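Asker: For reference, the file coords39.txt (compact mmCIF, C-alpha atoms and all ligand atoms) is included below:
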# COMPACT_ATOMS: atom_id res chain seq x y z
CA MET A 224 0.00 0.00 0.00
CA LYS A 225 1.29 3.47 -0.87
CA ILE A 226 2.38 5.49 2.19
CA LEU A 227 -0.23 8.19 1.68
CA ASP A 228 -2.97 5.55 1.35
CA MET A 229 -2.22 4.00 4.74
CA PRO A 230 -5.15 4.62 7.15
CA CYS A 231 -2.75 5.74 9.92
CA VAL A 232 -1.21 8.35 7.60
CA LYS A 233 -4.67 9.53 6.58
CA GLY A 234 -5.67 9.76 10.26
CA PHE A 235 -2.48 11.69 11.03
CA ILE A 236 -3.18 14.19 8.25
CA GLN A 237 -6.83 14.59 9.29
CA LEU A 238 -5.98 15.30 12.93
CA ALA A 239 -3.40 17.94 11.90
CA GLN A 240 -5.98 19.63 9.66
CA ASP A 241 -8.69 19.44 12.34
CA GLY A 242 -6.33 21.17 14.79
CA VAL A 243 -5.56 23.87 12.21
CA ASP A 244 -9.29 24.37 11.59
CA LYS A 245 -9.76 24.86 15.34
CA GLY A 246 -7.12 27.62 15.37
CA TRP A 247 -4.69 25.74 17.61
CA HIS A 248 -1.64 25.93 15.31
CA GLU A 249 -0.47 29.47 14.64
CA MET A 250 2.81 29.70 12.70
CA ASN A 251 4.71 26.47 13.31
CA GLY A 252 3.02 25.87 16.67
CA GLY A 253 2.10 22.37 17.82
CA ASN A 254 3.23 18.93 16.76
CA LEU A 255 2.00 15.38 16.42
CA SER A 256 3.44 11.87 16.53
CA TYR A 257 2.08 8.35 16.05
CA ARG A 258 3.70 4.97 16.79
CA LEU A 259 3.12 2.48 13.96
CA THR A 260 1.79 -1.06 14.45
CA GLY A 261 3.89 -4.04 13.33
CA MET A 262 1.86 -4.38 10.13
CA GLU A 263 2.16 -0.67 9.34
CA LYS A 264 5.91 -0.83 9.94
CA ALA A 265 6.19 -3.83 7.59
CA ASN A 266 4.25 -1.94 4.92
CA VAL A 267 6.60 1.07 5.18
CA LYS A 268 9.64 -1.20 4.80
CA LYS A 269 8.09 -2.94 1.81
CA GLU A 270 7.00 0.26 0.12
CA VAL A 271 10.07 2.45 0.77
CA LYS A 272 12.59 -0.43 0.57
CA LYS A 273 15.51 1.34 2.28
CA PRO A 274 15.99 4.12 4.81
CA GLN A 275 18.37 7.05 4.74
CA LYS A 276 21.76 5.82 5.97
CA GLU A 277 22.32 8.53 8.52
CA TRP A 278 21.43 7.86 12.18
CA ILE A 279 20.73 11.06 14.10
CA ASP A 280 20.91 11.64 17.87
CA ILE A 281 17.55 11.97 19.62
CA CYS A 282 19.26 13.74 22.58
CA GLU A 283 17.16 11.54 24.87
CA SER A 284 17.24 7.87 25.72
CA VAL A 285 14.10 5.80 25.05
CA PRO A 286 15.31 2.17 25.15
CA LYS A 287 11.79 0.72 25.40
CA LEU A 288 11.04 2.22 21.97
CA ALA A 289 13.99 0.53 20.25
CA GLY A 290 13.04 -0.51 16.71
CA GLU A 291 9.71 1.32 16.77
CA PHE A 292 8.57 3.48 13.83
CA PHE A 293 6.90 6.87 14.24
CA ILE A 294 5.11 9.34 12.04
CA VAL A 295 6.14 12.80 13.23
CA THR A 296 5.66 16.41 12.14
CA ARG A 297 8.59 18.52 10.93
CA THR A 298 10.53 21.03 13.01
CA THR A 299 9.67 24.61 11.99
CA GLY A 300 7.02 23.01 9.76
CA TYR A 301 3.47 24.30 9.66
CA MET A 302 0.57 22.05 10.64
CA ARG A 303 -1.46 23.69 7.86
CA ASN A 304 0.94 22.12 5.36
CA VAL A 305 0.50 18.55 6.64
CA MET A 306 -2.47 18.05 4.31
CA ARG A 307 -1.06 20.20 1.47
CA THR A 308 2.54 18.95 1.23
CA PRO A 309 2.72 15.77 3.30
CA GLU A 310 6.14 14.55 2.13
CA SER A 311 7.69 17.76 3.37
CA ALA A 312 5.54 18.48 6.44
CA PHE A 313 6.06 15.17 8.23
CA GLY A 314 8.00 11.94 8.01
CA ILE A 315 8.26 8.34 9.11
CA VAL A 316 11.31 7.53 11.25
CA GLU A 317 12.81 4.46 12.90
CA ILE A 318 14.34 4.38 16.40
CA ASP A 319 17.63 2.46 16.63
CA SER A 320 18.34 -0.60 18.80
CA THR A 321 19.66 1.55 21.68
CA GLY A 322 16.77 4.04 21.75
CA THR A 323 19.13 7.01 21.34
CA LYS A 324 19.09 7.60 17.58
CA PHE A 325 16.63 7.76 14.70
CA ARG A 326 16.76 7.64 10.91
CA ILE A 327 14.28 8.76 8.28
CA TRP A 328 12.45 6.25 6.09
CA TRP A 329 9.95 8.47 4.34
CA GLY A 330 9.08 12.18 4.06
CA LEU A 331 10.81 15.18 5.70
CA VAL A 332 12.20 15.90 2.22
CA ASP A 333 14.75 18.65 1.59
CA GLY A 334 16.66 18.09 4.81
CA GLY A 335 13.69 18.15 7.18
CA ARG A 336 13.99 16.94 10.76
CA PRO A 337 11.33 15.91 13.32
CA THR A 338 9.81 18.54 15.58
CA SER A 339 12.08 20.01 18.26
CA GLU A 340 9.60 18.49 20.74
CA PHE A 341 10.39 14.98 19.42
CA PRO A 342 12.38 14.12 22.61
CA SER A 343 9.31 15.08 24.69
CA HIS A 344 7.04 13.08 22.40
CA LEU A 345 9.26 10.00 22.63
CA LYS A 346 9.58 10.17 26.42
CA ASN A 347 5.78 10.36 26.61
CA HIS A 348 5.39 7.52 24.10
CA GLU A 349 7.72 5.36 26.19
CA VAL A 350 5.65 5.90 29.35
CA LYS A 351 2.36 5.31 27.56
CA PHE A 352 3.66 2.25 25.68
CA LEU A 353 4.66 0.61 28.96
CA GLN A 354 1.19 1.35 30.40
CA ASP A 355 -0.63 -0.04 27.37
CA PRO A 356 0.86 -0.97 23.98
CA ASN A 357 -2.33 0.34 22.35
CA ASN A 358 -1.34 3.93 23.23
CA ARG A 359 -0.04 5.34 19.97
CA VAL A 360 -0.72 9.08 19.66
CA ILE A 361 0.91 12.11 21.31
CA TYR A 362 -0.53 15.47 20.29
CA HIS A 363 0.66 18.95 21.28
CA ALA A 364 -1.31 22.11 20.47
CA HIS A 365 -1.68 25.74 21.55
CA PRO A 366 -5.41 26.15 22.34
CA VAL A 367 -6.05 29.75 23.34
CA ASN A 368 -8.47 29.42 26.26
CA LEU A 369 -6.48 26.69 27.94
CA ILE A 370 -3.36 28.87 27.74
CA ALA A 371 -5.34 31.82 29.13
CA MET A 372 -6.42 29.65 32.07
CA THR A 373 -2.78 29.08 33.02
CA PHE A 374 -2.57 32.76 33.99
CA ILE A 375 -5.44 32.67 36.47
CA VAL A 376 -5.67 29.11 37.84
CA PRO A 377 -2.96 27.89 40.27
CA LEU A 378 -0.51 25.68 38.34
CA LYS A 379 -1.41 22.53 40.23
CA ALA A 380 -3.05 19.36 38.95
CA LYS A 381 -5.85 19.48 41.54
CA ASP A 382 -6.77 23.13 40.85
CA PHE A 383 -6.73 22.69 37.08
CA THR A 384 -8.63 19.42 37.11
CA LEU A 385 -11.33 20.70 39.46
CA ALA A 386 -11.70 23.95 37.51
CA LEU A 387 -12.56 21.91 34.40
CA TRP A 388 -14.54 19.12 36.09
CA GLN A 389 -16.76 21.80 37.67
CA ILE A 390 -17.42 23.76 34.47
CA MET A 391 -18.74 21.05 32.10
CA THR A 392 -20.53 17.86 33.12
CA GLU A 393 -18.80 15.56 30.64
CA CYS A 394 -15.27 16.45 31.85
CA PRO A 395 -15.02 13.95 34.76
CA VAL A 396 -16.39 11.26 32.43
CA ILE A 397 -13.89 12.02 29.65
CA PHE A 398 -10.80 12.58 31.81
CA PRO A 399 -11.48 10.98 35.22
CA LYS A 400 -7.75 10.77 35.97
CA GLY A 401 -7.54 14.56 35.73
CA ILE A 402 -4.91 16.82 34.21
CA GLY A 403 -1.23 17.22 35.09
CA VAL A 404 0.45 20.63 35.07
CA VAL A 405 4.05 21.49 34.20
CA PRO A 406 5.11 24.98 35.33
CA TRP A 407 6.64 27.29 32.73
CA MET A 408 9.87 25.86 31.32
CA VAL A 409 11.96 26.23 28.18
CA PRO A 410 10.42 23.87 25.57
CA GLY A 411 12.43 21.17 23.79
CA LYS A 412 14.58 18.48 25.31
CA GLY A 413 15.78 17.86 28.84
CA GLU A 414 13.92 19.24 31.84
CA ILE A 415 10.50 19.78 30.27
CA ALA A 416 10.59 16.39 28.52
CA SER A 417 11.22 14.52 31.75
CA ALA A 418 8.74 16.66 33.74
CA THR A 419 6.04 15.91 31.16
CA SER A 420 6.73 12.19 30.87
CA LYS A 421 6.73 11.87 34.67
CA LEU A 422 3.21 13.35 34.73
CA MET A 423 2.19 11.11 31.83
CA GLU A 424 2.64 8.18 34.24
CA GLU A 425 -0.48 9.46 36.03
CA TYR A 426 -2.36 11.47 33.41
CA ASP A 427 -3.25 11.39 29.69
CA ILE A 428 -3.37 15.19 29.55
CA VAL A 429 -0.58 17.54 30.62
CA VAL A 430 -0.69 21.35 30.59
CA TRP A 431 2.41 23.36 29.75
CA ALA A 432 1.89 26.66 31.57
CA HIS A 433 1.63 29.71 29.27
CA HIS A 434 2.30 27.44 26.29
CA GLY A 435 -0.21 24.70 25.48
CA LEU A 436 -1.33 21.15 26.07
CA PHE A 437 -0.11 17.58 25.50
CA CYS A 438 -2.63 14.75 25.04
CA ALA A 439 -1.98 11.02 24.77
CA GLY A 440 -4.41 8.63 23.13
CA THR A 441 -4.89 5.15 21.77
CA THR A 442 -6.31 6.67 18.58
CA PHE A 443 -6.25 9.98 16.70
CA ASP A 444 -9.92 10.44 17.67
CA ARG A 445 -9.15 10.00 21.36
CA ALA A 446 -6.14 12.38 21.38
CA PHE A 447 -8.05 15.03 19.40
CA GLY A 448 -11.17 14.52 21.53
CA LEU A 449 -9.23 15.14 24.74
CA MET A 450 -7.70 18.34 23.33
CA ASP A 451 -11.12 19.48 22.08
CA THR A 452 -12.92 18.75 25.37
CA VAL A 453 -10.31 20.49 27.50
CA GLU A 454 -10.28 23.55 25.24
CA LYS A 455 -14.07 23.78 25.07
CA SER A 456 -14.28 23.60 28.86
CA ALA A 457 -11.49 26.18 29.15
CA ASP A 458 -13.49 28.42 26.81
CA ILE A 459 -16.52 28.21 29.11
CA PHE A 460 -14.30 28.74 32.14
CA MET A 461 -12.74 31.90 30.68
CA LYS A 462 -16.12 33.29 29.59
CA VAL A 463 -17.49 32.81 33.12
CA ALA A 464 -14.30 34.25 34.65
CA ALA A 465 -14.49 37.29 32.34
CA THR A 466 -17.86 38.33 33.78
CA GLN A 467 -16.11 39.15 37.07
CA LYS A 468 -19.28 37.95 38.77
CA LYS A 469 -19.61 35.33 41.47
CA ARG A 470 -20.98 32.09 40.08
CA LEU A 471 -24.61 31.60 41.05
CA SER A 472 -24.23 27.87 40.66
CA THR A 473 -21.62 25.32 39.72
CA ILE A 474 -21.05 21.57 39.51
CA THR A 475 -20.10 20.73 43.10
CA LYS A 476 -17.64 18.11 44.30
CA LYS A 477 -20.64 16.10 45.50
CA ASP A 478 -22.14 16.30 42.00
CA ILE A 479 -18.87 15.00 40.53
CA ALA A 480 -18.95 12.10 43.00
CA LYS A 481 -22.50 11.33 41.80
CA ILE A 482 -21.34 11.36 38.17
CA ALA A 483 -18.49 9.00 39.10
CA LYS A 484 -20.95 6.61 40.72
CA GLU A 485 -23.49 6.75 37.90
CA PHE A 486 -20.87 6.25 35.16
CA ASN A 487 -18.83 3.78 37.21
CA LEU A 488 -15.68 5.90 36.90
CA VAL A 489 -13.48 3.61 38.97
CA ASN A 490 -10.32 5.53 38.07
CA LEU A 491 -11.69 8.97 38.98
CA ARG A 492 -9.03 10.72 41.07
CA LYS A 493 -11.13 10.96 44.23
CA GLN A 494 -8.45 12.78 46.25
CA PHE A 495 -9.15 15.86 44.10
CA LEU A 496 -12.68 15.97 45.56
CA ARG A 497 -11.50 16.30 49.16
ZN ZN A 501 4.32 24.28 21.63
Since I need it in another form, could you write the structure as structure tokens?
Answerer:
Amino acid sequence: MKILDMPCVKGFIQLAQDGVDKGWHEMNGGNLSYRLTGMEKANVKKEVKKPQKEWIDICESVPKLAGEFFIVTRTTGYMRNVMRTPESAFGIVEIDSTGTKFRIWWGLVDGGRPTSEFPSHLKNHEVKFLQDPNNRVIYHAHPVNLIAMTFIVPLKAKDFTLALWQIMTECPVIFPKGIGVVPWMVPGKGEIASATSKLMEEYDIVVWAHHGLFCAGTTFDRAFGLMDTVEKSADIFMKVAATQKKRLSTITKKDIAKIAKEFNLVNLRKQFLR
């Protein structure tokens, strides 16, 4: 099957375009990665035949991802070009047997490289892969209301999670484990990558203060759906906050406990309701 006909590549392109349509990807903001299945990997090898020779340092160590293949967006690339010029805007890469290097199999033409957040993506992939091999998608975007929230809500998981659980009824159902928060840091490799992946051990959603959001999912639909739900709730939160008026009613902690019971949310982080 041709690379651009593979369902995972089509799903990758569609998510990127959906994020652009939502207004989450100004300039070259945001990035996306997907870990291929064994069959998808075999198809890439069959179709492309041979990779580029050069192995490139990841600048992180992800030994559990040795030999895995990823689709990943291009550094300084624009998400709006993922659908228009796919071979340039993203690529398919292989991780080496030590988990410290990668090489390009397809795409990223004209000297392209994976996103500068690739180390963060891979650290998150490694954590999520060990939790459940079905976890395949890591998505980073810059949704405006969520970023605005990081200026007025304390940068703590409990405060952020409760703020969103209490503003829209579906939130505790969609992300019962809550949301992790990384304080402001320089993006890229190193400190922020390890801070994010540490939180990914407990959460599927991690806020980067004054920057954006990371979501992990088993599918493109799930990762996009998490981003969309958080941003919609953040939109409501900011609209309510902008009125400068005291709320006349809200979803209480008791209400959230009732939702958890009704929907059998066994993994709801109950300590956030205390
Ligand atoms: Zn970003």
Asker: Show me which residues sit within 7 Å of ligand ZN 501 (chain A) when counting all atoms listed in the file, and put them as number ranges by chain.
Answerer: A: 252-253, 363-365, 434-435
Asker: Under the rule that only C-alpha atoms are counted, which of A:Phe495, A:Tyr301, A:Trp431, A:Phe292 is the nearest residue to Gly322 in chain A?
Answerer: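 The shortest atom-to-atom distance to Gly322 in chain A comes from A:Phe292.
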Asker: What does the structure give for the distance between CA of Arg326 in chain A and CA of Lys276 in chain A, in Å to one decimal?
Answerer: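 Distance between the two atoms: 7.3 Å.
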Asker: Each residue of range 348-410 of chain A lying at most 9 Å from range 486-489 of chain A should get a row with its shortest atom-to-atom pair and the distance in Å to one decimal, counting all atoms listed in the file; could you produce that, ordered by chain and increasing number, as JSON lines?
Answerer:
{"residue": "A:Pro395", "atom": "CA", "partner": "A:Leu488", "partner_atom": "CA", "distance": 8.4}
{"residue": "A:Val396", "atom": "CA", "partner": "A:Leu488", "partner_atom": "CA", "distance": 7.0}
{"residue": "A:Pro399", "atom": "CA", "partner": "A:Leu488", "partner_atom": "CA", "distance": 6.8}
Asker: Using only C-alpha atoms, which of A:Ile236, A:Leu331, A:Ile415, A:Ala289 sits nearest Met302 in chain A?
Answerer: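 Once distances to Met302 in chain A are computed over only C-alpha atoms, the minimum belongs to A:Ile236.
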Asker: If I take CA of Gly261 in chain A and CA of Leu288 in chain A, how far is one from the other in Å, to one decimal?
Answerer: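 Here the two named atoms are 12.8 Å from each other.
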Asker: Which one of A:Val404, A:Ala483, A:Leu491, A:Leu369 sits closest to Ser456 in chain A if you count all atoms listed in the file?
Answerer: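 Using all atoms listed in the file, Ser456 in chain A sits closest to A:Leu369.
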Asker: Leaving out Ala418 in chain A and any residue of its chain fewer than 3 positions from it, which residues lie within 10 Å of it when counting all atoms listed in the file, given as a list of chain:residue names?
Answerer: A:Ser343, A:Lys346, A:Asn347, A:Val404, A:Val405, A:Pro406, A:Met408, A:Gly413, A:Glu414, A:Ile415, A:Lys421, A:Leu422, A:Met423, A:Val429
Asker: Write out as a short mmCIF file (atom, residue, chain, number, x, y, z; two decimals) with C-alpha atoms, in the frame of the given file which residues come within 10 Å of Asn368 in chain A when counting all atoms listed in the file, dropping same-chain ones fewer than 2 positions away.
Answerer:
data_model
loop_
_atom_site.label_atom_id
_atom_site.label_comp_id
_atom_site.auth_asym_id
_atom_site.auth_seq_id
_atom_site.Cartn_x
_atom_site.Cartn_y
_atom_site.Cartn_z
CA HIS A 365 -1.68 25.74 21.55
CA PRO A 366 -5.41 26.15 22.34
CA ILE A 370 -3.36 28.87 27.74
CA ALA A 371 -5.34 31.82 29.13
CA MET A 372 -6.42 29.65 32.07
CA THR A 373 -2.78 29.08 33.02
CA GLY A 435 -0.21 24.70 25.48
CA VAL A 453 -10.31 20.49 27.50
CA GLU A 454 -10.28 23.55 25.24
CA LYS A 455 -14.07 23.78 25.07
CA SER A 456 -14.28 23.60 28.86
CA ALA A 457 -11.49 26.18 29.15
CA ASP A 458 -13.49 28.42 26.81
CA ILE A 459 -16.52 28.21 29.11
CA PHE A 460 -14.30 28.74 32.14
CA MET A 461 -12.74 31.90 30.68
CA LYS A 462 -16.12 33.29 29.59
#
Asker: When you count only C-alpha atoms, which of these residues is closest to Asp444 in chain A: A:Ile361, A:Ala416, A:Met250, A:Leu259?
Answerer: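 The answer is A:Ile361, which sits nearest to Asp444 in chain A.
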Asker: Would you kindly return, as a PDB file with C-alpha atoms, in the frame of the given file, each protein, DNA or RNA residue with an atom no farther than 8 Å from any atom of Phe341 in chain A, considering all atoms listed in the file and excluding same-chain residues fewer than 5 positions away?
Answerer:
ATOM      1  CA  ILE A 281      17.550  11.970  19.620  1.00  0.00           C
ATOM      2  CA  VAL A 295       6.140  12.800  13.230  1.00  0.00           C
ATOM      3  CA  GLY A 411      12.430  21.170  23.790  1.00  0.00           C
TER       4      GLY A 411
END
Asker: If we count only C-alpha atoms and set the cut-off at 10 Å, which residues sit around Cys394 in chain A, ignoring sequence neighbours fewer than 4 positions away in its own chain? Please answer as a list in words.
Answerer: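 Near neighbours after the sequence-gap exclusion: Thr384, Leu385, Leu387, Trp388, Gln389, Ile390, Phe398, Pro399, Gly401, Leu449, Thr452, Val453, Ser456 and Ile479 of chain A.
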Asker: Kindly indicate which residue among A:Gly290, A:Gly314, A:Gly334, A:Gly300 lies nearest to Glu277 in chain A, using all atoms listed in the file for the distances.
Answerer: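 Once distances to Glu277 in chain A are computed over all atoms listed in the file, the minimum belongs to A:Gly334.
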Asker: When distances are computed from all atoms listed in the file, which of A:Met229, A:Leu238, A:Met224, A:Cys282 shows the smallest separation from Lys269 in chain A?
Answerer: A:Met224
Asker: Tell me which protein, DNA and RNA residues are within 7 Å of Phe325 in chain A, counting all atoms listed in the file, leaving out same-chain ones fewer than 2 positions away, and put them as a PyMOL selection string.
Answerer: chain A and resi 278-281+316-319+327
Asker: May I ask for the distance between CA of Glu424 in chain A and CA of Glu393 in chain A, given in Å to one decimal place?
Answerer: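 Atom-to-atom, CA of Glu424 in chain A and CA of Glu393 in chain A are spaced 23.0 Å apart.
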Asker: Could the centre and edge lengths of an axis-aligned box, enclosing all atoms of range 396-413 of chain A in the file with 5 Å extra on each side, be given in Å to one decimal as lines of an AutoDock Vina configuration file?
Answerer:
center_x = -0.3
center_y = 19.0
center_z = 29.9
size_x = 42.2
size_y = 26.5
size_z = 22.2
